[in-house]
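Structure data follow from input_31.cif (mmCIF, C-alpha atoms):
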```cif
data_input
#
loop_
_atom_site.label_atom_id
_atom_site.label_comp_id
_atom_site.auth_asym_id
_atom_site.auth_seq_id
_atom_site.Cartn_x
_atom_site.Cartn_y
_atom_site.Cartn_z
CA MET A 1 60.80 -5.76 1.53
CA GLY A 2 60.79 -7.97 4.58
CA LEU A 3 62.56 -7.14 7.75
CA LEU A 4 65.08 -9.92 7.24
CA ASP A 5 66.16 -8.42 3.92
CA ALA A 6 68.02 -5.81 5.95
CA SER A 7 71.59 -6.84 6.52
CA ILE A 8 72.46 -8.45 9.82
CA SER A 9 75.81 -7.54 11.32
CA ARG A 10 78.26 -10.04 12.76
CA HIS A 11 76.87 -9.93 16.29
CA ASN A 12 73.31 -10.67 15.19
CA VAL A 13 72.44 -7.00 15.44
CA LEU A 14 69.85 -5.71 13.03
CA VAL A 15 69.50 -2.01 12.49
CA THR A 16 66.15 -0.82 11.17
CA SER A 17 63.42 1.72 11.84
CA VAL A 18 60.68 1.34 14.45
CA ASP A 19 58.07 1.54 11.68
CA ASN A 20 59.65 -1.43 9.98
CA VAL A 21 59.63 -3.56 13.11
CA LEU A 22 56.07 -2.68 14.01
CA ASN A 23 54.78 -3.24 10.49
CA TRP A 24 56.68 -6.50 10.15
CA ALA A 25 55.21 -7.77 13.43
CA ARG A 26 51.67 -6.77 12.46
CA LEU A 27 51.63 -8.10 8.95
CA SER A 28 53.26 -11.39 9.93
CA SER A 29 50.58 -12.28 12.44
CA LEU A 30 47.40 -10.98 10.90
CA TRP A 31 44.68 -12.68 12.91
CA PRO A 32 41.25 -12.58 11.30
CA MET A 33 38.05 -13.04 13.22
CA GLY A 34 36.59 -16.50 12.63
CA PHE A 35 33.19 -15.61 11.32
CA GLY A 36 31.43 -16.25 8.03
CA LEU A 37 28.04 -15.18 6.74
CA ALA A 38 27.33 -17.24 3.62
CA CYS A 39 28.93 -19.30 0.85
CA CYS A 40 32.07 -17.11 0.81
CA ALA A 41 32.74 -18.46 4.29
CA ILE A 42 33.10 -21.96 2.83
CA GLU A 43 35.78 -20.64 0.50
CA MET A 44 37.41 -18.80 3.39
CA MET A 45 37.48 -22.02 5.43
CA ALA A 46 39.01 -23.84 2.45
CA THR A 47 41.68 -21.15 2.35
CA ASN A 48 42.37 -21.67 6.03
CA ALA A 49 42.62 -25.43 5.59
CA SER A 50 45.67 -27.44 4.64
CA ASN A 51 45.60 -27.08 0.82
CA TYR A 52 45.95 -23.30 0.84
CA ASP A 53 47.29 -23.09 4.36
CA LEU A 54 46.90 -19.49 5.49
CA GLU A 55 48.97 -20.22 8.56
CA ARG A 56 52.13 -19.96 6.48
CA PHE A 57 51.39 -16.21 6.38
CA GLY A 58 50.73 -16.17 10.12
CA ILE A 59 47.03 -15.81 9.40
CA PHE A 60 45.07 -17.77 11.93
CA PRO A 61 41.37 -17.28 12.76
CA ARG A 62 40.54 -16.22 16.29
CA SER A 63 37.27 -16.87 18.04
CA SER A 64 36.94 -13.47 19.65
CA PRO A 65 36.84 -10.01 18.11
CA ARG A 66 39.03 -8.83 21.00
CA GLN A 67 41.93 -10.95 19.75
CA SER A 68 41.49 -10.10 16.08
CA ASP A 69 43.28 -7.64 13.82
CA LEU A 70 41.30 -8.30 10.68
CA MET A 71 37.64 -8.79 9.86
CA ILE A 72 36.98 -10.83 6.74
CA VAL A 73 33.36 -10.06 5.85
CA ALA A 74 32.72 -13.33 4.04
CA GLY A 75 29.21 -13.39 2.64
CA THR A 76 25.84 -11.71 2.33
CA VAL A 77 25.26 -9.08 5.01
CA THR A 78 21.54 -8.85 5.73
CA MET A 79 20.02 -5.75 7.29
CA LYS A 80 19.42 -7.82 10.41
CA MET A 81 23.06 -8.95 10.56
CA ALA A 82 24.42 -5.48 9.77
CA GLU A 83 24.00 -4.25 13.33
CA ARG A 84 25.80 -7.31 14.67
CA VAL A 85 28.65 -6.76 12.21
CA VAL A 86 29.04 -3.19 13.46
CA LYS A 87 29.03 -4.41 17.05
CA LEU A 88 31.75 -6.99 16.29
CA TYR A 89 33.81 -4.38 14.45
CA GLU A 90 33.58 -2.03 17.40
CA GLN A 91 34.76 -4.79 19.74
CA MET A 92 37.99 -5.27 17.77
CA PRO A 93 41.05 -3.47 19.16
CA GLU A 94 42.88 -1.01 16.94
CA PRO A 95 44.68 -1.14 14.58
CA ARG A 96 41.98 -3.13 12.80
CA TYR A 97 41.52 -3.93 9.15
CA VAL A 98 38.46 -4.94 7.15
CA LEU A 99 38.52 -7.13 4.06
CA SER A 100 35.25 -7.35 2.15
CA MET A 101 35.12 -10.76 0.49
CA GLY A 102 32.84 -11.41 -2.49
CA SER A 103 30.22 -9.50 -4.46
CA CYS A 104 27.58 -9.58 -1.72
CA SER A 105 29.57 -7.73 0.88
CA ASN A 106 31.15 -5.50 -1.78
CA CYS A 107 27.91 -4.19 -3.24
CA GLY A 108 24.96 -6.52 -2.59
CA GLY A 109 25.94 -8.98 -5.34
CA PRO A 110 23.02 -10.84 -6.95
CA TYR A 111 20.66 -9.26 -4.39
CA TRP A 112 21.42 -5.70 -5.47
CA GLU A 113 17.97 -5.03 -6.94
CA HIS A 114 15.38 -7.42 -5.48
CA GLY A 115 17.07 -8.36 -2.24
CA TYR A 116 15.06 -6.13 0.07
CA HIS A 117 16.77 -7.65 3.10
CA VAL A 118 20.41 -7.32 1.93
CA LEU A 119 22.77 -4.51 2.82
CA LYS A 120 24.10 -3.22 -0.51
CA GLY A 121 27.75 -3.19 0.49
CA VAL A 122 29.28 -3.56 3.92
CA ASP A 123 31.10 -0.22 3.37
CA ARG A 124 27.79 1.47 4.20
CA ILE A 125 28.31 0.56 7.84
CA ILE A 126 32.04 -0.02 8.44
CA PRO A 127 35.17 1.28 6.65
CA VAL A 128 36.59 -1.31 4.23
CA ASP A 129 40.31 -1.45 3.39
CA VAL A 130 40.42 -4.15 0.72
CA TYR A 131 37.71 -5.49 -1.59
CA VAL A 132 38.03 -8.98 -3.10
CA PRO A 133 35.75 -9.48 -6.13
CA GLY A 134 34.20 -12.84 -6.99
CA CYS A 135 31.12 -14.91 -6.31
CA PRO A 136 32.61 -16.50 -4.32
CA PRO A 137 36.28 -15.58 -4.82
CA ARG A 138 38.66 -18.51 -5.19
CA PRO A 139 41.15 -19.08 -2.37
CA GLU A 140 43.86 -17.55 -4.57
CA SER A 141 41.83 -14.31 -4.78
CA LEU A 142 41.36 -14.25 -1.03
CA ILE A 143 45.07 -14.79 -0.50
CA GLY A 144 45.66 -11.94 -2.98
CA GLY A 145 43.36 -9.73 -0.91
CA LEU A 146 45.09 -10.70 2.31
CA MET A 147 48.47 -9.89 0.79
CA LYS A 148 47.02 -6.52 -0.19
CA VAL A 149 46.20 -5.98 3.49
CA GLN A 150 49.81 -6.87 4.31
CA GLU A 151 51.02 -4.34 1.73
CA LEU A 152 48.76 -1.75 3.32
CA ILE A 153 50.33 -2.45 6.70
CA ARG A 154 53.77 -1.99 5.12
CA MET A 155 52.72 1.50 4.04
CA GLU A 156 51.95 2.55 7.60
CA GLN A 157 54.15 4.85 9.63
CA ILE A 158 53.91 6.32 13.08
CA GLY A 159 51.99 9.55 12.74
CA ILE A 160 50.25 8.95 9.42
CA SER A 161 46.60 8.11 9.15
CA ARG A 162 44.99 5.06 7.56
CA ALA A 163 43.75 7.24 4.73
CA ASP A 164 47.32 8.34 3.97
CA ALA A 165 48.53 4.74 4.06
CA LEU A 166 45.78 3.76 1.60
CA LYS A 167 46.82 6.66 -0.63
CA LYS A 168 50.44 5.49 -0.54
CA LEU A 169 49.31 1.98 -1.39
CA ALA A 170 47.29 3.24 -4.37
CA GLU A 171 50.31 5.17 -5.67
CA LYS A 172 52.39 2.00 -5.53
CA SER A 173 49.78 -0.09 -7.36
CA VAL A 174 50.90 -2.36 -10.17
CA ASP A 175 48.71 -3.28 -13.13
CA PRO A 176 48.11 -7.00 -12.58
CA GLY A 177 47.45 -7.52 -16.32
CA MET A 178 51.05 -6.59 -17.07
CA VAL A 179 52.35 -9.03 -14.46
CA ILE A 180 50.12 -11.82 -15.77
CA ARG A 181 51.28 -11.24 -19.37
CA ARG A 182 54.89 -11.21 -18.30
CA GLU A 183 54.55 -14.41 -16.30
CA ARG A 184 52.77 -16.13 -19.17
CA LYS A 185 55.52 -15.12 -21.52
CA VAL A 186 58.14 -16.50 -19.16
CA ALA A 187 56.20 -19.74 -18.90
CA GLY A 188 56.06 -19.92 -22.69
CA ALA A 189 52.26 -19.95 -22.88
CA MET B 1 -15.76 -35.01 -7.32
CA GLU B 2 -17.14 -35.97 -10.71
CA GLU B 3 -18.75 -39.39 -10.76
CA GLY B 4 -16.96 -41.88 -12.97
CA ALA B 5 -13.89 -39.76 -13.52
CA VAL B 6 -10.72 -41.80 -13.92
CA TYR B 7 -7.86 -40.65 -11.71
CA SER B 8 -4.33 -41.88 -11.37
CA GLN B 9 -3.79 -43.97 -8.26
CA HIS B 10 -2.45 -41.24 -5.99
CA VAL B 11 -5.13 -38.73 -7.05
CA ALA B 12 -7.79 -41.38 -6.40
CA GLN B 13 -6.41 -41.85 -2.88
CA SER B 14 -6.58 -38.12 -2.28
CA ALA B 15 -10.12 -38.06 -3.68
CA ASP B 16 -11.15 -40.75 -1.19
CA ALA B 17 -9.64 -38.72 1.64
CA TRP B 18 -11.50 -35.61 0.44
CA ALA B 19 -14.77 -37.57 0.36
CA ILE B 20 -14.38 -38.48 4.04
CA ILE B 21 -13.74 -34.86 5.01
CA HIS B 22 -16.60 -33.65 2.80
CA GLU B 23 -18.98 -36.12 4.42
CA LYS B 24 -18.20 -34.67 7.85
CA PHE B 25 -17.88 -30.95 7.06
CA GLY B 26 -20.09 -30.54 3.96
CA ASP B 27 -20.07 -27.04 2.53
CA ALA B 28 -17.26 -25.86 4.79
CA ILE B 29 -14.89 -27.20 2.16
CA SER B 30 -14.85 -26.77 -1.61
CA ALA B 31 -15.06 -29.36 -4.37
CA PHE B 32 -12.07 -31.62 -4.94
CA ASP B 33 -9.54 -30.46 -7.53
CA PRO B 34 -7.80 -33.50 -9.07
CA ASN B 35 -4.62 -31.64 -9.91
CA GLU B 36 -2.11 -34.26 -11.03
CA THR B 37 0.85 -32.54 -9.35
CA MET B 38 -0.89 -31.91 -6.05
CA PRO B 39 -4.61 -32.60 -5.59
CA PHE B 40 -6.22 -30.00 -3.34
CA PHE B 41 -9.36 -28.50 -1.88
CA GLU B 42 -10.09 -25.16 -0.29
CA VAL B 43 -11.49 -24.52 3.17
CA LEU B 44 -14.34 -22.05 2.61
CA ASP B 45 -15.43 -21.66 6.23
CA LEU B 46 -12.23 -20.54 7.95
CA SER B 47 -13.73 -20.97 11.44
CA GLN B 48 -13.85 -24.74 10.81
CA TRP B 49 -10.16 -24.98 9.85
CA GLN B 50 -8.83 -26.14 13.22
CA LYS B 51 -11.52 -28.82 13.51
CA ILE B 52 -10.87 -29.97 9.95
CA ALA B 53 -7.13 -30.12 10.66
CA LEU B 54 -7.62 -32.20 13.80
CA PHE B 55 -10.08 -34.46 11.97
CA MET B 56 -7.59 -34.95 9.13
CA ARG B 57 -4.80 -35.78 11.55
CA ASP B 58 -6.72 -38.19 13.79
CA HIS B 59 -9.34 -39.93 11.64
CA PRO B 60 -8.24 -43.58 11.18
CA LYS B 61 -8.82 -43.40 7.42
CA LEU B 62 -7.05 -40.05 6.98
CA LYS B 63 -4.08 -39.95 9.37
CA PHE B 64 -2.45 -36.87 7.84
CA ASN B 65 0.35 -37.02 10.38
CA TYR B 66 2.84 -34.84 8.53
CA MET B 67 2.73 -31.25 7.36
CA ALA B 68 5.28 -31.18 4.53
CA CYS B 69 4.98 -27.47 3.85
CA LEU B 70 2.91 -24.36 4.49
CA SER B 71 3.32 -21.62 1.90
CA GLY B 72 1.86 -18.17 1.52
CA VAL B 73 0.24 -16.88 -1.68
CA ASP B 74 -0.79 -13.38 -2.76
CA TYR B 75 -3.96 -13.01 -4.88
CA PRO B 76 -4.00 -9.28 -5.72
CA ALA B 77 -6.87 -9.64 -8.25
CA GLU B 78 -9.14 -11.10 -5.56
CA GLU B 79 -7.84 -8.72 -2.86
CA LYS B 80 -6.84 -11.77 -0.86
CA VAL B 81 -3.83 -13.54 0.58
CA GLY B 82 -3.78 -17.18 1.45
CA ILE B 83 -1.84 -20.23 2.48
CA VAL B 84 -1.36 -23.68 0.97
CA CYS B 85 -0.78 -26.55 3.38
CA ASN B 86 0.78 -29.70 1.93
CA LEU B 87 -0.28 -32.61 4.11
CA GLU B 88 0.83 -36.21 3.95
CA SER B 89 0.18 -39.43 5.80
CA LEU B 90 3.77 -40.42 6.17
CA GLY B 91 4.41 -44.13 6.70
CA VAL B 92 0.76 -44.87 7.57
CA LEU B 93 -1.59 -44.49 4.60
CA ASN B 94 0.88 -42.75 2.28
CA HIS B 95 -1.63 -40.39 0.68
CA ARG B 96 -1.30 -36.65 0.38
CA ILE B 97 -3.43 -33.59 -0.29
CA ALA B 98 -3.07 -29.82 -0.28
CA VAL B 99 -5.42 -27.51 1.59
CA LYS B 100 -5.85 -23.89 0.55
CA LEU B 101 -7.18 -21.05 2.69
CA LYS B 102 -7.73 -17.42 1.79
CA CYS B 103 -8.37 -14.32 3.86
CA ALA B 104 -8.60 -10.55 3.33
CA ARG B 105 -5.44 -8.97 1.92
CA THR B 106 -5.18 -6.33 4.64
CA GLY B 107 -5.87 -7.24 8.24
CA GLY B 108 -7.00 -10.74 7.38
CA SER B 109 -6.55 -13.66 9.71
CA ILE B 110 -6.61 -17.44 9.53
CA PRO B 111 -6.93 -19.83 12.50
CA SER B 112 -3.57 -21.30 13.50
CA VAL B 113 -2.94 -25.02 13.30
CA ALA B 114 0.35 -24.87 15.19
CA CYS B 115 -1.31 -26.95 17.92
CA VAL B 116 -2.18 -29.67 15.38
CA TRP B 117 1.12 -29.89 13.52
CA HIS B 118 4.10 -28.28 15.28
CA THR B 119 5.65 -27.68 11.87
CA ALA B 120 3.01 -25.02 11.32
CA ASN B 121 4.43 -22.89 14.13
CA TRP B 122 7.42 -21.48 12.23
CA HIS B 123 5.77 -21.79 8.81
CA GLU B 124 2.84 -19.64 9.89
CA ARG B 125 5.27 -17.08 11.31
CA GLU B 126 7.03 -17.03 7.96
CA ALA B 127 3.74 -16.61 6.06
CA TYR B 128 2.88 -13.72 8.39
CA ASP B 129 6.35 -12.23 7.93
CA MET B 130 6.09 -12.28 4.13
CA TYR B 131 2.35 -11.66 3.49
CA GLY B 132 0.94 -10.03 6.61
CA MET B 133 -1.99 -12.29 7.46
CA THR B 134 -2.17 -13.15 11.17
CA PHE B 135 -2.89 -16.57 12.61
CA THR B 136 -5.37 -16.52 15.48
CA GLY B 137 -4.42 -18.80 18.35
CA HIS B 138 -0.74 -18.95 17.33
CA PRO B 139 1.48 -19.28 20.44
CA ASP B 140 4.16 -16.81 19.23
CA MET B 141 2.94 -14.54 16.44
CA ARG B 142 6.13 -12.59 15.64
CA ARG B 143 8.14 -12.04 12.48
CA ILE B 144 10.64 -14.84 11.94
CA LEU B 145 13.08 -13.71 9.20
CA CYS B 146 12.82 -9.93 8.86
CA PRO B 147 13.77 -7.74 11.83
CA ASP B 148 10.88 -7.13 14.25
CA ASP B 149 10.60 -3.46 13.25
CA TRP B 150 10.68 -4.05 9.47
CA GLU B 151 8.08 -2.14 7.47
CA GLY B 152 5.73 -3.92 5.09
CA PHE B 153 5.46 -7.50 3.90
CA PRO B 154 8.11 -8.29 1.27
CA LEU B 155 6.41 -10.97 -0.84
CA LEU B 156 3.23 -8.99 -1.56
CA LYS B 157 3.12 -8.17 -5.28
CA ASP B 158 2.89 -4.42 -4.66
CA TYR B 159 5.63 -4.32 -2.00
CA LYS B 160 7.91 -1.29 -2.03
CA VAL B 161 11.08 -1.55 -0.01
CA GLN B 162 11.60 1.09 2.69
CA GLU B 163 14.14 3.86 2.06
CA SER B 164 16.21 3.34 5.18
CA TYR B 165 16.48 0.98 8.13
CA HIS B 166 18.02 2.30 11.37
CA GLY B 167 19.70 5.09 9.41
CA VAL B 168 21.19 2.81 6.75
CA LYS B 169 20.01 3.21 3.15
CA VAL B 170 18.24 0.05 1.95
CA PRO B 171 17.90 0.36 -1.86
CA TYR B 172 20.99 0.02 -4.04
#
```
Represent the structure of the file as structure tokens.
Amino acid sequence: MGLLDASISRHNVLVTSVDNVLNWARLSSLWPMGFGLACCAIEMMATNASNYDLERFGIFPRSSPRQSDLMIVAGTVTMKMAERVVKLYEQMPEPRYVLSMGSCSNCGGPYWEHGYHVLKGVDRIIPVDVYVPGCPPRPESLIGGLMKVQELIRMEQIGISRADALKKLAEKSVDPGMVIRRERKVAGA
Amino acid sequence: MEEGAVYSQHVAQSADAWAIIHEKFGDAISAFDPNETMPFFEVLDLSQWQKIALFMRDHPKLKFNYMACLSGVDYPAEEKVGIVCNLESLGVLNHRIAVKLKCARTGGSIPSVACVWHTANWHEREAYDMYGMTFTGHPDMRRILCPDDWEGFPLLKDYKVQESYHGVKVPY
């Protein structure tokens, strides 16, 4: 439901709600912070590069947390790095979103038991909006996660909290298995 | 070294190098171990280690100009921790040998050779970080990988990870 789906009158006048305009503006220029922690960062860079071309979604990495809307935690967060991640998160202006990319930042990944130095999930230190599973996730998965962030932004309204927006998003969730089966059927596979 | 033993060429070169060091330092070093993968000897008198290292680096027939690696080892049965230094004469005599050193498991120390091979500087810090032995005479004896206020030494066999670090739970 993009903004431009609303009908435009003859004099190029578009009537819509403030929420719609704000959400459209935010989700169409989602600037992540350009920082990576491990191998997931390589996949994130590949997603930014020409083959997957994140810029078509208006997603463009910024070099400063102060210009960023989104933090993609791409990689293993060590206990030593954890404090720096919190500091960077706190430097981002609101509204800010966090996408946890890959098993390591979701839950510690392969280091969950013997990795004494690894933070077992970045959600222990900062609130995470979207988790992308994988080790590392393919660019398609990351794009899926980013589109989930965009959907979350669509759920926002003036006066409702992030928690409410997340709840609304969860209520609207679609079983991806069903979609995959349907698409396969259409493709004749 | 056993008389008359037949070694492969590279072990024989290492044996010759050991013989030169043994001639100078005698009982300060152990017998030669002709391990096919990496021939080695142990330094028994730790106080001689810096002198031995300098001798190995500068003697015209030794010229161990390159420290390839310095690793830490835990020997819980002997109540000791130690290091293994892999030394090579890179581009000069092309021989190599490993040197082992052991010290007490708690509060032990080994003389630093960071002034002999600069490579040893960070490697000794890493060995300290993971096993807890200190290196006397090291220019900058701090942890290198773990945070400065980390508790315990992670690669000891009986290491138990701390419950929390700066208020964040550490175990899964």
Q. Just so the selection is clear, what residues does the PyMOL selection byres ((chain B) within 7 of (chain A)) cover here, as number ranges by chain?
A. B: 147, 161, 170, 172
Written file, previous selection with C-alpha atoms, as a PDB file, in the frame of the given file:
```pdb
ATOM      1  CA  PRO B 147      13.770  -7.740  11.830  1.00  0.00           C
ATOM      2  CA  VAL B 161      11.080  -1.550  -0.010  1.00  0.00           C
ATOM      3  CA  VAL B 170      18.240   0.050   1.950  1.00  0.00           C
ATOM      4  CA  TYR B 172      20.990   0.020  -4.040  1.00  0.00           C
TER       5      TYR B 172
END
```
**Q.** Ground truth for the PyMOL selection byres ((chain A and resi 169-172) around 12), written as a count of residues only
**A.** 21
**Q.** Straight-line distance linking CA of Glu78 in chain B with CA of Asp129 in chain B, stated in Å to one decimal
**A.** 20.6 Å
Q: Have a look at CA of Ile72 in chain A and CA of Gly58 in chain A and let me know their distance in Å, one decimal.
A: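 Going from CA of Ile72 in chain A over to CA of Gly58 in chain A, I get 15.1 Å.
Picked out by the PyMOL selection byres ((chain A and resi 96-102) around 6) when it runs on this file: Asp69, Leu70, Met71, Ile72, Val73, Ala74, Glu94, Pro95, Ser103, Cys104, Ser105, Asn106, Val128, Asp129, Val130, Tyr131, Val132, Pro133, Gly134, Cys135, Pro136 and Pro137 of chain A.
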May I have the residues from that selection written out with C-alpha atoms, as a short mmCIF file (atom, residue, chain, number, x, y, z; two decimals), keeping the file's coordinate frame?
```
data_model
loop_
_atom_site.label_atom_id
_atom_site.label_comp_id
_atom_site.auth_asym_id
_atom_site.auth_seq_id
_atom_site.Cartn_x
_atom_site.Cartn_y
_atom_site.Cartn_z
CA ASP A 69 43.28 -7.64 13.82
CA LEU A 70 41.30 -8.30 10.68
CA MET A 71 37.64 -8.79 9.86
CA ILE A 72 36.98 -10.83 6.74
CA VAL A 73 33.36 -10.06 5.85
CA ALA A 74 32.72 -13.33 4.04
CA GLU A 94 42.88 -1.01 16.94
CA PRO A 95 44.68 -1.14 14.58
CA SER A 103 30.22 -9.50 -4.46
CA CYS A 104 27.58 -9.58 -1.72
CA SER A 105 29.57 -7.73 0.88
CA ASN A 106 31.15 -5.50 -1.78
CA VAL A 128 36.59 -1.31 4.23
CA ASP A 129 40.31 -1.45 3.39
CA VAL A 130 40.42 -4.15 0.72
CA TYR A 131 37.71 -5.49 -1.59
CA VAL A 132 38.03 -8.98 -3.10
CA PRO A 133 35.75 -9.48 -6.13
CA GLY A 134 34.20 -12.84 -6.99
CA CYS A 135 31.12 -14.91 -6.31
CA PRO A 136 32.61 -16.50 -4.32
CA PRO A 137 36.28 -15.58 -4.82
#
```
**Q.** Nearby residues (only C-alpha atoms) at most 9 Å from Ser68 in chain A, same-chain spacing under 6 positions excluded, as a list in words
**A.**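 Within the cut-off, the hits are Leu30, Trp31, Pro32, Met33, Gly34, Pro61, Arg62, Met92, Pro93 and Arg96 of chain A.
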Nearby residues (only C-alpha atoms) at most 8 Å from range 97-114 of chain B, same-chain spacing under 4 positions excluded, as a PDB file with C-alpha atoms, in the frame of the given file:
```pdb
ATOM      1  CA  SER B  14      -6.580 -38.120  -2.280  1.00  0.00           C
ATOM      2  CA  MET B  38      -0.890 -31.910  -6.050  1.00  0.00           C
ATOM      3  CA  PRO B  39      -4.610 -32.600  -5.590  1.00  0.00           C
ATOM      4  CA  PHE B  40      -6.220 -30.000  -3.340  1.00  0.00           C
ATOM      5  CA  PHE B  41      -9.360 -28.500  -1.880  1.00  0.00           C
ATOM      6  CA  GLU B  42     -10.090 -25.160  -0.290  1.00  0.00           C
ATOM      7  CA  VAL B  43     -11.490 -24.520   3.170  1.00  0.00           C
ATOM      8  CA  LEU B  44     -14.340 -22.050   2.610  1.00  0.00           C
ATOM      9  CA  LEU B  46     -12.230 -20.540   7.950  1.00  0.00           C
ATOM     10  CA  SER B  47     -13.730 -20.970  11.440  1.00  0.00           C
ATOM     11  CA  TRP B  49     -10.160 -24.980   9.850  1.00  0.00           C
ATOM     12  CA  GLN B  50      -8.830 -26.140  13.220  1.00  0.00           C
ATOM     13  CA  ALA B  53      -7.130 -30.120  10.660  1.00  0.00           C
ATOM     14  CA  ASP B  74      -0.790 -13.380  -2.760  1.00  0.00           C
ATOM     15  CA  PRO B  76      -4.000  -9.280  -5.720  1.00  0.00           C
ATOM     16  CA  GLU B  79      -7.840  -8.720  -2.860  1.00  0.00           C
ATOM     17  CA  LYS B  80      -6.840 -11.770  -0.860  1.00  0.00           C
ATOM     18  CA  VAL B  81      -3.830 -13.540   0.580  1.00  0.00           C
ATOM     19  CA  GLY B  82      -3.780 -17.180   1.450  1.00  0.00           C
ATOM     20  CA  ILE B  83      -1.840 -20.230   2.480  1.00  0.00           C
ATOM     21  CA  VAL B  84      -1.360 -23.680   0.970  1.00  0.00           C
ATOM     22  CA  CYS B  85      -0.780 -26.550   3.380  1.00  0.00           C
ATOM     23  CA  ASN B  86       0.780 -29.700   1.930  1.00  0.00           C
ATOM     24  CA  LEU B  87      -0.280 -32.610   4.110  1.00  0.00           C
ATOM     25  CA  GLU B  88       0.830 -36.210   3.950  1.00  0.00           C
ATOM     26  CA  HIS B 118       4.100 -28.280  15.280  1.00  0.00           C
ATOM     27  CA  THR B 119       5.650 -27.680  11.870  1.00  0.00           C
ATOM     28  CA  ALA B 120       3.010 -25.020  11.320  1.00  0.00           C
ATOM     29  CA  ASN B 121       4.430 -22.890  14.130  1.00  0.00           C
ATOM     30  CA  GLU B 124       2.840 -19.640   9.890  1.00  0.00           C
ATOM     31  CA  GLY B 132       0.940 -10.030   6.610  1.00  0.00           C
ATOM     32  CA  MET B 133      -1.990 -12.290   7.460  1.00  0.00           C
ATOM     33  CA  THR B 134      -2.170 -13.150  11.170  1.00  0.00           C
ATOM     34  CA  PHE B 135      -2.890 -16.570  12.610  1.00  0.00           C
ATOM     35  CA  THR B 136      -5.370 -16.520  15.480  1.00  0.00           C
ATOM     36  CA  GLY B 137      -4.420 -18.800  18.350  1.00  0.00           C
ATOM     37  CA  HIS B 138      -0.740 -18.950  17.330  1.00  0.00           C
ATOM     38  CA  PRO B 139       1.480 -19.280  20.440  1.00  0.00           C
TER      39      PRO B 139
END
```
Q) Of the residues A:Gly109, A:His11, A:Phe35, A:Leu146, which is the one nearest to Phe57 in chain A, using only C-alpha atoms? A)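 Ranking A:Gly109, A:His11, A:Phe35, A:Leu146 by distance to Phe57 in chain A, first place goes to A:Leu146.
Straight-line separation from CA of Val11 in chain B to CA of Ala68 in chain B: 17.3 Å.
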Q: Within 9 Å of Met44 in chain A, counting all atoms listed in the file, which residues show up once you throw out same-chain ones fewer than 2 positions away? Write them as a list in words, please.
A: Gly36, Cys39, Cys40, Ala41, Ile42, Ala46, Thr47, Asn48, Ala49, Ile72, Ala74, Met101, Pro137, Arg138, Pro139 and Leu142 of chain A
Could you work out an axis-aligned box for range 87-91 of chain A, taking every atom the file lists and adding 6 Å on each side, and report centre and edge lengths in Å to one decimal, as JSON?
```
{"center_x": 31.9, "center_y": -4.5, "center_z": 17.1, "size_x": 17.7, "size_y": 17.0, "size_z": 17.3}
```
Q | Neighbour list for Lys157 in chain B as a list in words, cut-off 10 Å, only C-alpha atoms, skip fewer than 3 positions in-chain | A |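 Listing them by chain and then by number gives Val73, Asp74, Tyr75, Pro76, Tyr131, Phe153, Pro154 and Lys160 of chain B.
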